[in-house]
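Asker: If it helps, the file is called input13.cif and holds mmCIF, C-alpha atoms:
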data_model
loop_
_atom_site.group_PDB
_atom_site.id
_atom_site.type_symbol
_atom_site.label_atom_id
_atom_site.label_comp_id
_atom_site.auth_asym_id
_atom_site.auth_seq_id
_atom_site.Cartn_x
_atom_site.Cartn_y
_atom_site.Cartn_z
ATOM 1 C CA MET G 257 134.871 16.216 94.471
ATOM 2 C CA ILE G 258 132.083 13.743 93.727
ATOM 3 C CA GLY G 259 130.642 14.297 97.174
ATOM 4 C CA ASN G 260 130.476 18.012 96.492
ATOM 5 C CA LEU G 261 128.810 17.458 93.137
ATOM 6 C CA LEU G 262 126.191 15.272 94.792
ATOM 7 C CA ASN G 263 125.683 17.878 97.497
ATOM 8 C CA ILE G 264 125.038 20.497 94.798
ATOM 9 C CA LEU G 265 122.217 18.365 93.460
ATOM 10 C CA VAL G 266 120.793 17.710 96.914
ATOM 11 C CA GLY G 267 120.896 21.418 97.803
ATOM 12 C CA LEU G 268 119.083 22.387 94.611
ATOM 13 C CA TRP G 269 116.568 19.609 95.176
ATOM 14 C CA LEU G 270 115.877 20.955 98.684
ATOM 15 C CA ALA G 271 115.267 24.454 97.254
ATOM 16 C CA TYR G 272 113.039 22.979 94.549
ATOM 17 C CA SER G 273 111.038 20.990 97.099
ATOM 18 C CA ALA G 274 110.562 24.039 99.324
ATOM 19 C CA ILE G 275 109.362 26.242 96.462
ATOM 20 C CA PHE G 276 107.080 23.841 94.637
ATOM 21 C CA ALA G 277 105.485 22.149 97.638
ATOM 22 C CA ASN G 278 101.797 22.926 98.135
ATOM 23 C CA PRO G 279 101.637 24.951 100.340
ATOM 24 C CA ALA G 280 105.190 26.218 100.015
ATOM 25 C CA GLY G 281 107.489 24.627 102.582
ATOM 26 C CA ALA G 282 105.250 21.658 103.302
ATOM 27 C CA MET G 283 107.569 19.097 101.768
ATOM 28 C CA ASN G 284 107.570 15.470 102.827
ATOM 29 C CA ASN G 285 109.152 15.043 106.238
ATOM 30 C CA VAL G 286 110.808 11.738 105.404
ATOM 31 C CA ALA G 287 112.299 13.223 102.250
ATOM 32 C CA LEU G 288 113.602 16.148 104.274
ATOM 33 C CA ALA G 289 115.289 13.873 106.803
ATOM 34 C CA ALA G 290 116.720 11.681 104.055
ATOM 35 C CA GLY G 291 118.091 14.736 102.272
ATOM 36 C CA ALA G 292 119.717 15.997 105.452
ATOM 37 C CA ILE G 293 121.377 12.647 106.102
ATOM 38 C CA ALA G 294 122.558 12.471 102.485
ATOM 39 C CA VAL G 295 124.129 15.909 102.778
ATOM 40 C CA ILE G 296 125.989 14.856 105.925
ATOM 41 C CA VAL G 297 127.288 11.676 104.282
ATOM 42 C CA PHE G 298 128.396 13.444 101.099
ATOM 43 C CA ALA G 299 130.001 16.275 103.053
ATOM 44 C CA VAL G 300 132.025 13.828 105.144
ATOM 45 C CA TRP G 301 133.078 12.070 101.950
ATOM 46 C CA ALA G 302 134.072 15.341 100.255
ATOM 47 C CA ARG G 303 135.956 16.402 103.351
ATOM 48 C CA GLN G 304 138.609 13.744 102.681
ATOM 49 C CA THR G 305 139.822 15.519 99.538
ATOM 50 C CA ASP G 306 138.731 19.128 99.916
ATOM 51 C CA PRO G 307 141.569 21.705 100.090
ATOM 52 C CA LEU G 308 139.470 23.796 102.487
ATOM 53 C CA ARG G 309 137.315 22.169 105.092
ATOM 54 C CA TRP G 310 134.970 24.955 106.042
ATOM 55 C CA GLN G 311 132.630 24.313 103.096
ATOM 56 C CA SER G 312 131.981 20.734 104.068
ATOM 57 C CA GLY G 313 131.777 21.787 107.714
ATOM 58 C CA THR G 314 129.128 24.348 106.812
ATOM 59 C CA ASN G 315 127.198 21.705 104.906
ATOM 60 C CA ILE G 316 127.271 19.364 107.876
ATOM 61 C CA VAL G 317 125.951 22.070 110.211
ATOM 62 C CA LEU G 318 123.175 23.029 107.779
ATOM 63 C CA ALA G 319 122.209 19.404 107.315
ATOM 64 C CA ALA G 320 122.029 19.021 111.091
ATOM 65 C CA VAL G 321 119.678 22.010 111.216
ATOM 66 C CA LEU G 322 117.484 20.378 108.570
ATOM 67 C CA LEU G 323 117.522 17.127 110.531
ATOM 68 C CA VAL G 324 116.421 18.973 113.667
ATOM 69 C CA LEU G 325 113.676 20.670 111.656
ATOM 70 C CA ALA G 326 112.453 17.305 110.414
ATOM 71 C CA VAL G 327 112.366 15.979 113.956
ATOM 72 C CA LEU G 328 110.493 19.054 115.198
ATOM 73 C CA ARG G 329 107.960 18.775 112.394
ATOM 74 C CA TRP G 330 107.419 15.154 113.304
ATOM 75 C CA LEU G 331 107.103 15.865 117.035
ATOM 76 C CA ILE G 332 105.290 19.180 117.430
ATOM 77 C CA GLY G 333 104.700 20.494 113.927
ATOM 78 C CA VAL G 334 106.189 23.606 112.370
ATOM 79 C CA ALA G 335 104.403 26.239 110.280
ATOM 80 C CA PRO G 336 104.921 25.751 106.520
ATOM 81 C CA LEU G 337 106.181 29.323 106.155
ATOM 82 C CA VAL G 338 108.930 28.752 108.743
ATOM 83 C CA SER G 339 109.831 25.453 107.137
ATOM 84 C CA PHE G 340 109.879 27.073 103.710
ATOM 85 C CA TRP G 341 112.479 29.652 104.652
ATOM 86 C CA ILE G 342 114.678 27.253 106.593
ATOM 87 C CA ILE G 343 114.674 24.603 103.861
ATOM 88 C CA LEU G 344 115.102 27.131 101.048
ATOM 89 C CA LEU G 345 117.985 29.018 102.636
ATOM 90 C CA ALA G 346 119.712 25.848 103.823
ATOM 91 C CA GLY G 347 119.403 24.284 100.360
ATOM 92 C CA ILE G 348 120.809 27.387 98.679
ATOM 93 C CA ALA G 349 123.702 27.610 101.141
ATOM 94 C CA ILE G 350 124.545 23.923 100.726
ATOM 95 C CA ALA G 351 124.617 24.232 96.937
ATOM 96 C CA ILE G 352 126.738 27.400 97.025
ATOM 97 C CA ALA G 353 129.264 25.972 99.462
ATOM 98 C CA SER G 354 129.575 22.786 97.438
ATOM 99 C CA ILE G 355 130.134 24.588 94.138
ATOM 100 C CA TRP G 356 132.614 26.863 95.874
ATOM 101 C CA SER G 357 134.562 23.866 97.099
ATOM 102 C CA VAL G 358 134.544 22.317 93.620
ATOM 103 C CA LEU G 359 135.741 25.470 91.882
ATOM 104 C CA TYR G 360 138.409 26.685 94.273
ATOM 105 C CA ARG G 361 141.943 25.376 94.438
ATOM 106 C CA PRO G 362 144.480 27.163 96.668
ATOM 107 C CA ALA G 363 147.112 29.331 95.008
ATOM 108 C CA THR G 364 150.000 27.162 96.205
ATOM 109 C CA ALA G 365 148.545 24.069 94.598
ATOM 110 C CA ARG G 366 147.924 25.946 91.340
ATOM 111 C CA THR G 367 151.462 27.366 91.327
ATOM 112 C CA ALA G 368 153.013 23.970 91.955
ATOM 113 C CA ALA G 369 150.910 22.428 89.238
ATOM 114 C CA SER G 370 151.923 25.074 86.694
ATOM 115 C CA SER G 371 155.664 24.897 87.480
ATOM 116 C CA MET S 53 146.081 33.451 103.549
ATOM 117 C CA VAL S 54 143.158 32.120 101.572
ATOM 118 C CA PHE S 55 141.136 35.334 101.920
ATOM 119 C CA GLU S 56 143.804 37.253 100.018
ATOM 120 C CA ASP S 57 143.590 34.927 97.041
ATOM 121 C CA PRO S 58 141.395 36.433 94.276
ATOM 122 C CA ALA S 59 140.616 32.952 92.993
ATOM 123 C CA PHE S 60 138.905 32.185 96.293
ATOM 124 C CA TRP S 61 136.469 35.065 95.908
ATOM 125 C CA ARG S 62 136.057 34.409 92.206
ATOM 126 C CA ALA S 63 134.961 30.862 92.970
ATOM 127 C CA GLY S 64 132.578 32.197 95.609
ATOM 128 C CA ALA S 65 131.065 34.691 93.196
ATOM 129 C CA ILE S 66 130.613 32.108 90.464
ATOM 130 C CA SER S 67 129.013 29.610 92.816
ATOM 131 C CA THR S 68 126.657 32.204 94.333
ATOM 132 C CA ILE S 69 125.562 33.547 90.957
ATOM 133 C CA THR S 70 125.014 30.067 89.565
ATOM 134 C CA VAL S 71 122.904 28.824 92.444
ATOM 135 C CA MET S 72 120.881 32.011 92.777
ATOM 136 C CA THR S 73 120.147 32.025 89.047
ATOM 137 C CA ILE S 74 118.776 28.508 89.263
ATOM 138 C CA VAL S 75 116.689 29.392 92.327
ATOM 139 C CA LEU S 76 115.434 32.541 90.618
ATOM 140 C CA ILE S 77 114.246 30.487 87.653
ATOM 141 C CA MET S 78 112.385 28.172 90.051
ATOM 142 C CA LEU S 79 110.778 31.124 91.830
ATOM 143 C CA THR S 80 109.784 32.693 88.502
ATOM 144 C CA ILE S 81 108.107 29.513 87.344
ATOM 145 C CA ASP S 82 106.300 29.247 90.673
ATOM 146 C CA SER S 83 105.236 32.923 90.551
ATOM 147 C CA LEU S 84 103.939 32.624 87.000
ATOM 148 C CA ALA S 85 101.790 29.698 88.068
ATOM 149 C CA ALA S 86 100.509 31.715 91.045
ATOM 150 C CA ILE S 87 99.607 34.876 89.120
ATOM 151 C CA SER S 88 97.962 33.231 86.127
ATOM 152 C CA PRO S 89 94.123 33.127 86.098
ATOM 153 C CA GLY S 90 92.953 30.257 88.234
ATOM 154 C CA GLY S 91 96.215 30.258 90.209
ATOM 155 C CA SER S 92 96.543 30.754 93.948
ATOM 156 C CA HIS S 93 96.506 34.575 93.673
ATOM 157 C CA VAL S 94 94.178 35.269 90.718
ATOM 158 C CA PRO S 95 90.626 33.974 90.371
ATOM 159 C CA PRO S 96 89.633 32.406 87.048
ATOM 160 C CA TYR S 97 88.234 34.532 84.211
ATOM 161 C CA THR S 98 84.730 33.219 84.814
ATOM 162 C CA ILE S 99 84.763 35.031 88.154
ATOM 163 C CA ILE S 100 86.592 38.149 86.929
ATOM 164 C CA ASN S 101 84.131 38.662 84.077
ATOM 165 C CA ARG S 102 81.194 38.506 86.411
ATOM 166 C CA GLY S 103 81.428 42.120 87.453
ATOM 167 C CA ALA S 104 84.973 42.905 88.447
ATOM 168 C CA LEU S 105 85.786 44.849 85.262
ATOM 169 C CA LEU S 106 85.122 48.593 85.273
ATOM 170 C CA VAL S 107 82.257 50.467 86.904
ATOM 171 C CA SER S 108 79.785 49.460 84.252
ATOM 172 C CA GLY S 109 80.609 45.878 85.009
ATOM 173 C CA PHE S 110 79.735 46.442 88.648
ATOM 174 C CA VAL S 111 76.472 48.163 87.731
ATOM 175 C CA GLN S 112 75.661 45.398 85.301
ATOM 176 C CA ALA S 113 76.278 42.739 87.919
ATOM 177 C CA PHE S 114 74.202 44.557 90.556
ATOM 178 C CA VAL S 115 71.315 45.159 88.160
ATOM 179 C CA GLU S 116 71.406 41.574 87.011
ATOM 180 C CA ARG S 117 71.245 40.261 90.525
ATOM 181 C CA ALA S 118 68.466 42.677 91.468
ATOM 182 C CA ILE S 119 66.423 41.550 88.487
ATOM 183 C CA GLY S 120 66.779 37.829 88.744
ATOM 184 C CA GLY S 121 69.876 36.697 90.548
ATOM 185 C CA SER S 122 72.836 35.091 88.834
ATOM 186 C CA THR S 123 70.893 33.580 85.964
ATOM 187 C CA LEU S 124 71.152 33.845 82.192
ATOM 188 C CA GLU S 125 67.730 35.495 81.985
ATOM 189 C CA ALA S 126 68.839 38.207 84.419
ATOM 190 C CA PHE S 127 72.029 38.685 82.415
ATOM 191 C CA ILE S 128 70.001 39.275 79.221
ATOM 192 C CA SER S 129 67.500 41.548 80.961
ATOM 193 C CA GLY S 130 70.309 43.558 82.543
ATOM 194 C CA GLN S 131 71.563 44.528 79.072
ATOM 195 C CA GLU S 132 68.329 46.473 78.492
ATOM 196 C CA ASN S 133 68.268 48.249 81.823
ATOM 197 C CA ALA S 134 68.454 52.055 81.645
ATOM 198 C CA TRP S 135 71.477 52.256 83.954
ATOM 199 C CA PHE S 136 73.472 49.890 81.819
ATOM 200 C CA VAL S 137 72.377 51.539 78.542
ATOM 201 C CA ASP S 138 73.228 55.006 79.862
ATOM 202 C CA GLY S 139 76.657 53.774 80.877
ATOM 203 C CA MET S 140 77.293 52.378 77.426
ATOM 204 C CA VAL S 141 76.115 55.591 75.713
ATOM 205 C CA GLY S 142 78.366 57.698 77.957
ATOM 206 C CA ARG S 143 81.260 55.412 77.245
ATOM 207 C CA PHE S 144 80.639 55.704 73.507
ATOM 208 C CA LEU S 145 80.541 59.504 73.641
ATOM 209 C CA LEU S 146 83.773 59.671 75.599
ATOM 210 C CA ALA S 147 85.336 57.299 73.088
ATOM 211 C CA ILE S 148 84.429 59.736 70.309
ATOM 212 C CA VAL S 149 86.026 62.618 72.230
ATOM 213 C CA PHE S 150 89.135 60.568 72.881
ATOM 214 C CA THR S 151 89.395 59.524 69.235
ATOM 215 C CA ALA S 152 89.004 63.120 68.043
ATOM 216 C CA GLY S 153 91.760 64.254 70.404
ATOM 217 C CA PHE S 154 94.016 61.497 69.177
ATOM 218 C CA VAL S 155 93.403 62.424 65.542
ATOM 219 C CA VAL S 156 94.252 66.077 66.295
ATOM 220 C CA LEU S 157 97.413 65.025 68.081
ATOM 221 C CA VAL S 158 98.555 62.822 65.203
ATOM 222 C CA TRP S 159 97.741 65.542 62.658
ATOM 223 C CA ASP S 160 99.744 68.058 64.660
ATOM 224 C CA VAL S 161 102.752 65.762 64.797
ATOM 225 C CA VAL S 162 102.548 64.865 61.121
ATOM 226 C CA THR S 163 102.353 68.509 59.980
ATOM 227 C CA LEU S 164 105.110 69.668 62.290
ATOM 228 C CA GLY S 165 107.680 69.590 59.503
ATOM 229 C CA ARG S 166 105.468 71.761 57.310
ATOM 230 C CA ARG S 167 105.403 74.575 59.858
ATOM 231 C CA ALA S 168 109.063 74.523 60.859
ATOM 232 C CA PRO S 169 110.484 75.760 57.493
ATOM 233 C CA ALA S 170 108.143 78.767 57.640
ATOM 234 C CA ILE S 171 109.561 79.781 61.015
ATOM 235 C CA ALA S 172 113.108 79.372 59.732
ATOM 236 C CA ALA S 173 112.203 81.471 56.703
ATOM 237 C CA VAL S 174 111.038 84.310 58.955
ATOM 238 C CA ARG S 175 114.408 84.302 60.638
ATOM 239 C CA LEU S 176 116.145 84.469 57.293
ATOM 240 C CA ARG S 177 113.970 87.357 56.171
ATOM 241 C CA ASN S 178 114.697 89.301 59.350
ATOM 242 C CA GLU S 179 118.389 88.747 58.852
ATOM 243 C CA ARG S 180 118.342 89.915 55.259
ATOM 244 C CA SER S 181 116.298 92.988 56.081
ATOM 245 C CA GLY S 182 118.735 93.898 58.864
ATOM 246 C CA ASP S 183 116.123 93.790 61.592
ATOM 247 C CA PRO S 184 118.025 94.822 64.755
ATOM 248 C CA ARG S 185 115.658 92.914 67.046
ATOM 249 C CA ASP S 186 116.298 89.485 68.399
ATOM 250 C CA ARG S 187 116.665 87.122 65.490
ATOM 251 C CA SER S 188 116.437 83.980 67.518
ATOM 252 C CA ALA S 189 112.650 84.013 67.237
ATOM 253 C CA PRO S 190 110.363 85.094 64.419
ATOM 254 C CA ARG S 191 108.615 88.409 64.737
ATOM 255 C CA THR S 192 105.224 86.855 65.195
ATOM 256 C CA LEU S 193 106.521 85.051 68.251
ATOM 257 C CA ARG S 194 108.193 88.124 69.718
ATOM 258 C CA SER S 195 105.047 90.103 70.358
ATOM 259 C CA PRO S 196 102.817 87.730 72.235
ATOM 260 C CA ARG S 197 100.686 90.428 73.811
ATOM 261 C CA ARG S 198 99.403 91.785 70.510
ATOM 262 C CA HIS S 199 98.682 88.351 69.103
ATOM 263 C CA LEU S 200 97.114 87.233 72.346
ATOM 264 C CA GLY S 201 94.762 90.211 72.051
ATOM 265 C CA SER S 202 93.941 89.179 68.522
ATOM 266 C CA ALA S 203 93.288 85.668 69.628
ATOM 267 C CA LEU S 204 90.932 86.870 72.347
ATOM 268 C CA GLY S 205 88.893 88.863 69.851
ATOM 269 C CA ALA S 206 90.192 92.370 70.463
ATOM 270 C CA ARG S 207 91.401 92.547 66.879
ATOM 271 C CA PRO S 208 91.667 89.497 64.643
ATOM 272 C CA VAL S 209 94.999 88.833 63.015
ATOM 273 C CA SER S 210 93.326 88.987 59.624
ATOM 274 C CA GLN S 211 92.324 92.626 60.361
ATOM 275 C CA ASP S 212 95.722 93.578 61.646
ATOM 276 C CA PRO S 213 97.546 95.009 58.620
ATOM 277 C CA GLN S 214 100.957 94.506 60.165
ATOM 278 C CA SER S 215 100.290 90.877 60.978
ATOM 279 C CA ARG S 216 98.711 90.231 57.593
ATOM 280 C CA ALA S 217 101.690 91.685 55.815
ATOM 281 C CA LEU S 218 103.988 89.678 58.002
ATOM 282 C CA CYS S 219 102.054 86.462 57.391
ATOM 283 C CA ARG S 220 102.102 87.034 53.630
ATOM 284 C CA GLY S 221 105.798 87.741 53.807
ATOM 285 C CA CYS S 222 106.398 84.590 55.844
ATOM 286 C CA LEU S 223 104.590 82.408 53.386
ATOM 287 C CA ARG S 224 106.249 84.024 50.384
ATOM 288 C CA THR S 225 109.682 83.650 51.904
ATOM 289 C CA ALA S 226 108.945 80.104 52.931
ATOM 290 C CA ARG S 227 107.801 79.230 49.437
ATOM 291 C CA SER S 228 110.839 80.782 47.833
ATOM 292 C CA GLY S 229 113.069 79.074 50.377
ATOM 293 C CA ARG S 230 111.576 75.715 49.569
ATOM 294 C CA ALA S 231 111.927 76.333 45.846
ATOM 295 C CA HIS S 232 115.504 77.412 46.352
ATOM 296 C CA HIS S 233 116.428 74.324 48.302
ATOM 297 C CA HIS S 234 114.183 72.004 46.287
ATOM 298 C CA LEU S 235 113.189 70.189 49.418
ATOM 299 C CA MET S 236 111.558 70.690 52.831
ATOM 300 C CA ASP S 237 114.586 69.824 54.832
ATOM 301 C CA THR S 238 113.975 71.359 58.245
ATOM 302 C CA ALA S 239 117.260 70.185 59.687
ATOM 303 C CA ARG S 240 119.172 71.698 56.777
ATOM 304 C CA LEU S 241 117.459 75.051 57.200
ATOM 305 C CA ARG S 242 118.236 75.058 60.888
ATOM 306 C CA LEU S 243 121.879 74.367 60.160
ATOM 307 C CA GLU S 244 122.111 77.026 57.512
ATOM 308 C CA VAL S 245 120.507 79.833 59.479
ATOM 309 C CA PRO S 246 123.301 80.190 62.094
ATOM 310 C CA SER S 247 125.979 79.884 59.428
ATOM 311 C CA ARG S 248 124.617 82.904 57.536
ATOM 312 C CA ARG S 249 124.750 85.200 60.529
#
Show how you would write the structure in this file as structure tokens.
Answerer:
Amino acid sequence: MIGNLLNILVGLWLAYSAIFANPAGAMNNVALAAGAIAVIVFAVWARQTDPLRWQSGTNIVLAAVLLVLAVLRWLIGVAPLVSFWIILLAGIAIAIASIWSVLYRPATARTAASS
Amino acid sequence: MVFEDPAFWRAGAISTITVMTIVLIMLTIDSLAAISPGGSHVPPYTIINRGALLVSGFVQAFVERAIGGSTLEAFISGQENAWFVDGMVGRFLLAIVFTAGFVVLVWDVVTLGRRAPAIAAVRLRNERSGDPRDRSAPRTLRSPRRHLGSALGARPVSQDPQSRALCRGCLRTARSGRAHHHLMDTARLRLEVPSRR
């Protein structure tokens, strides 16, 4: 639960950093790598209590993509436009999956709780 | 199965809408900064005002630069150049024409209610006199060819005895109709005309 809430904030921060960087997408590489690692850690933490695991799994995969992007930017350089779209879409997807995981509880659990 | 649970999709919809709304706000703020003067997509006003507004602005800028480059003296001298003055005079004349057209348009709209009761009165008169012709339109509107000829100068309406009599009759009926109803209520006349048929 808390891990998902933190992942929401990290995902929105990634989208914010991609949009408001100058030029767009040219956010700090260290910050990008740190954000990706934070998403992985929080997703693993949230995975312990999540009713469905695919949201945290998705977040881990997206964070791995961001980590690879950070490494590529450090090694060979990536165009800001390409970085912008990858960071923006990954940040949005991470935030959506995290909120989804926070909001949804399976029907069986809700029925048992109500009875 | 989780995909058959409506709550699953409801949570997905809420999360998607929430995140995309936040991102849209960010993008709007970023776009507003980009499209404001001096932003990444719009040059500042000091550049725009230097000749990018209207054709006269272009002429003014070209004349200025031909006279003395981008200096204040050239800017002042350019105001007195014949090309620039002619452009301003032409613009002023067209503004007068535009203003006159606008005044005519407003006058026509404002006096619309004054003309409509007269047309309704013609219909009433035709009904009362038992005119077998189409009563949906006044007589003056049912013979366009004759009145078109009058308008083109073949025979003025004022010299056409039939039209003059009709016009007098229209006005008389309209006046009596207004006095009868004590008001110029066009909508009321329109409602009453079908009910009397």
Asker: Residues of chain S within 6 Å of chain G, using all atoms listed in the file, as an MDAnalysis selection string?
Answerer: chainID S and resid 60 63:64 67:68
Asker: Counting all atoms listed in the file, which residues come within 10 Å of (133.0, 16.3, 103.6), with the point read in the file's coordinates, and could you list them as a PDB file with C-alpha atoms, in the coordinates of the input?
Answerer:
ATOM      1  CA  MET G 257     134.871  16.216  94.471  1.00  0.00           C
ATOM      2  CA  GLY G 259     130.642  14.297  97.174  1.00  0.00           C
ATOM      3  CA  ASN G 260     130.476  18.012  96.492  1.00  0.00           C
ATOM      4  CA  ASN G 263     125.683  17.878  97.497  1.00  0.00           C
ATOM      5  CA  VAL G 295     124.129  15.909 102.778  1.00  0.00           C
ATOM      6  CA  ILE G 296     125.989  14.856 105.925  1.00  0.00           C
ATOM      7  CA  VAL G 297     127.288  11.676 104.282  1.00  0.00           C
ATOM      8  CA  PHE G 298     128.396  13.444 101.099  1.00  0.00           C
ATOM      9  CA  ALA G 299     130.001  16.275 103.053  1.00  0.00           C
ATOM     10  CA  VAL G 300     132.025  13.828 105.144  1.00  0.00           C
ATOM     11  CA  TRP G 301     133.078  12.070 101.950  1.00  0.00           C
ATOM     12  CA  ALA G 302     134.072  15.341 100.255  1.00  0.00           C
ATOM     13  CA  ARG G 303     135.956  16.402 103.351  1.00  0.00           C
ATOM     14  CA  GLN G 304     138.609  13.744 102.681  1.00  0.00           C
ATOM     15  CA  THR G 305     139.822  15.519  99.538  1.00  0.00           C
ATOM     16  CA  ASP G 306     138.731  19.128  99.916  1.00  0.00           C
ATOM     17  CA  LEU G 308     139.470  23.796 102.487  1.00  0.00           C
ATOM     18  CA  ARG G 309     137.315  22.169 105.092  1.00  0.00           C
ATOM     19  CA  TRP G 310     134.970  24.955 106.042  1.00  0.00           C
ATOM     20  CA  GLN G 311     132.630  24.313 103.096  1.00  0.00           C
ATOM     21  CA  SER G 312     131.981  20.734 104.068  1.00  0.00           C
ATOM     22  CA  GLY G 313     131.777  21.787 107.714  1.00  0.00           C
ATOM     23  CA  THR G 314     129.128  24.348 106.812  1.00  0.00           C
ATOM     24  CA  ASN G 315     127.198  21.705 104.906  1.00  0.00           C
ATOM     25  CA  ILE G 316     127.271  19.364 107.876  1.00  0.00           C
ATOM     26  CA  SER G 354     129.575  22.786  97.438  1.00  0.00           C
TER      27      SER G 354
END
Asker: Would you mind reading off the distance between CA of Asn284 (chain G) and CA of Ile87 (chain S), one decimal, in Å?
Answerer: 25.1 Å
Asker: Of the candidates G:Ala290, G:Leu265, G:Leu270, G:Leu323, which shows the shortest atom-to-atom distance to Trp341 (chain G), using all atoms listed in the file?
Answerer: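 Of G:Ala290, G:Leu265, G:Leu270, G:Leu323, the one nearest Trp341 (chain G), counting all atoms listed in the file, is G:Leu270.
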Asker: Separation of CA of Val334 (chain G) and CA of Val286 (chain G), in Å?
Answerer: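 Those two atoms sit 14.5 Å apart.
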Asker: As an exercise, work out the distance from CA of Trp330 (chain G) to CA of Ala86 (chain S) in Å and give it to one decimal place.
Answerer: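 Going from CA of Trp330 (chain G) over to CA of Ala86 (chain S) covers 28.6 Å.
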Asker: Could you rebuild region 309-321 of chain G with N, CA and C atoms and give me the result as a CSV table (one decimal), keeping the file's coordinate frame?
Answerer:
chain,number,residue,atom,x,y,z
G,309,ARG,N,138.3,23.0,104.4
G,309,ARG,CA,137.3,22.2,105.1
G,309,ARG,C,136.1,22.9,105.6
G,310,TRP,N,136.1,24.2,105.5
G,310,TRP,CA,135.0,25.0,106.0
G,310,TRP,C,133.7,24.8,105.2
G,311,GLN,N,133.8,24.5,103.9
G,311,GLN,CA,132.6,24.3,103.1
G,311,GLN,C,131.9,23.1,103.5
G,312,SER,N,132.6,22.0,103.7
G,312,SER,CA,132.0,20.7,104.1
G,312,SER,C,131.5,20.8,105.5
G,313,GLY,N,132.2,21.6,106.3
G,313,GLY,CA,131.8,21.8,107.7
G,313,GLY,C,130.5,22.6,107.7
G,314,THR,N,130.4,23.6,106.9
G,314,THR,CA,129.1,24.3,106.8
G,314,THR,C,128.0,23.5,106.4
G,315,ASN,N,128.3,22.6,105.4
G,315,ASN,CA,127.2,21.7,104.9
G,315,ASN,C,126.7,20.7,106.0
G,316,ILE,N,127.6,20.3,106.8
G,316,ILE,CA,127.3,19.4,107.9
G,316,ILE,C,126.4,20.1,108.9
G,317,VAL,N,126.8,21.3,109.3
G,317,VAL,CA,126.0,22.1,110.2
G,317,VAL,C,124.6,22.3,109.7
G,318,LEU,N,124.5,22.7,108.4
G,318,LEU,CA,123.2,23.0,107.8
G,318,LEU,C,122.3,21.8,107.7
G,319,ALA,N,123.0,20.7,107.4
G,319,ALA,CA,122.2,19.4,107.3
G,319,ALA,C,121.7,19.0,108.7
G,320,ALA,N,122.5,19.3,109.7
G,320,ALA,CA,122.0,19.0,111.1
G,320,ALA,C,120.8,19.9,111.4
G,321,VAL,N,120.8,21.1,111.0
G,321,VAL,CA,119.7,22.0,111.2
G,321,VAL,C,118.4,21.4,110.5
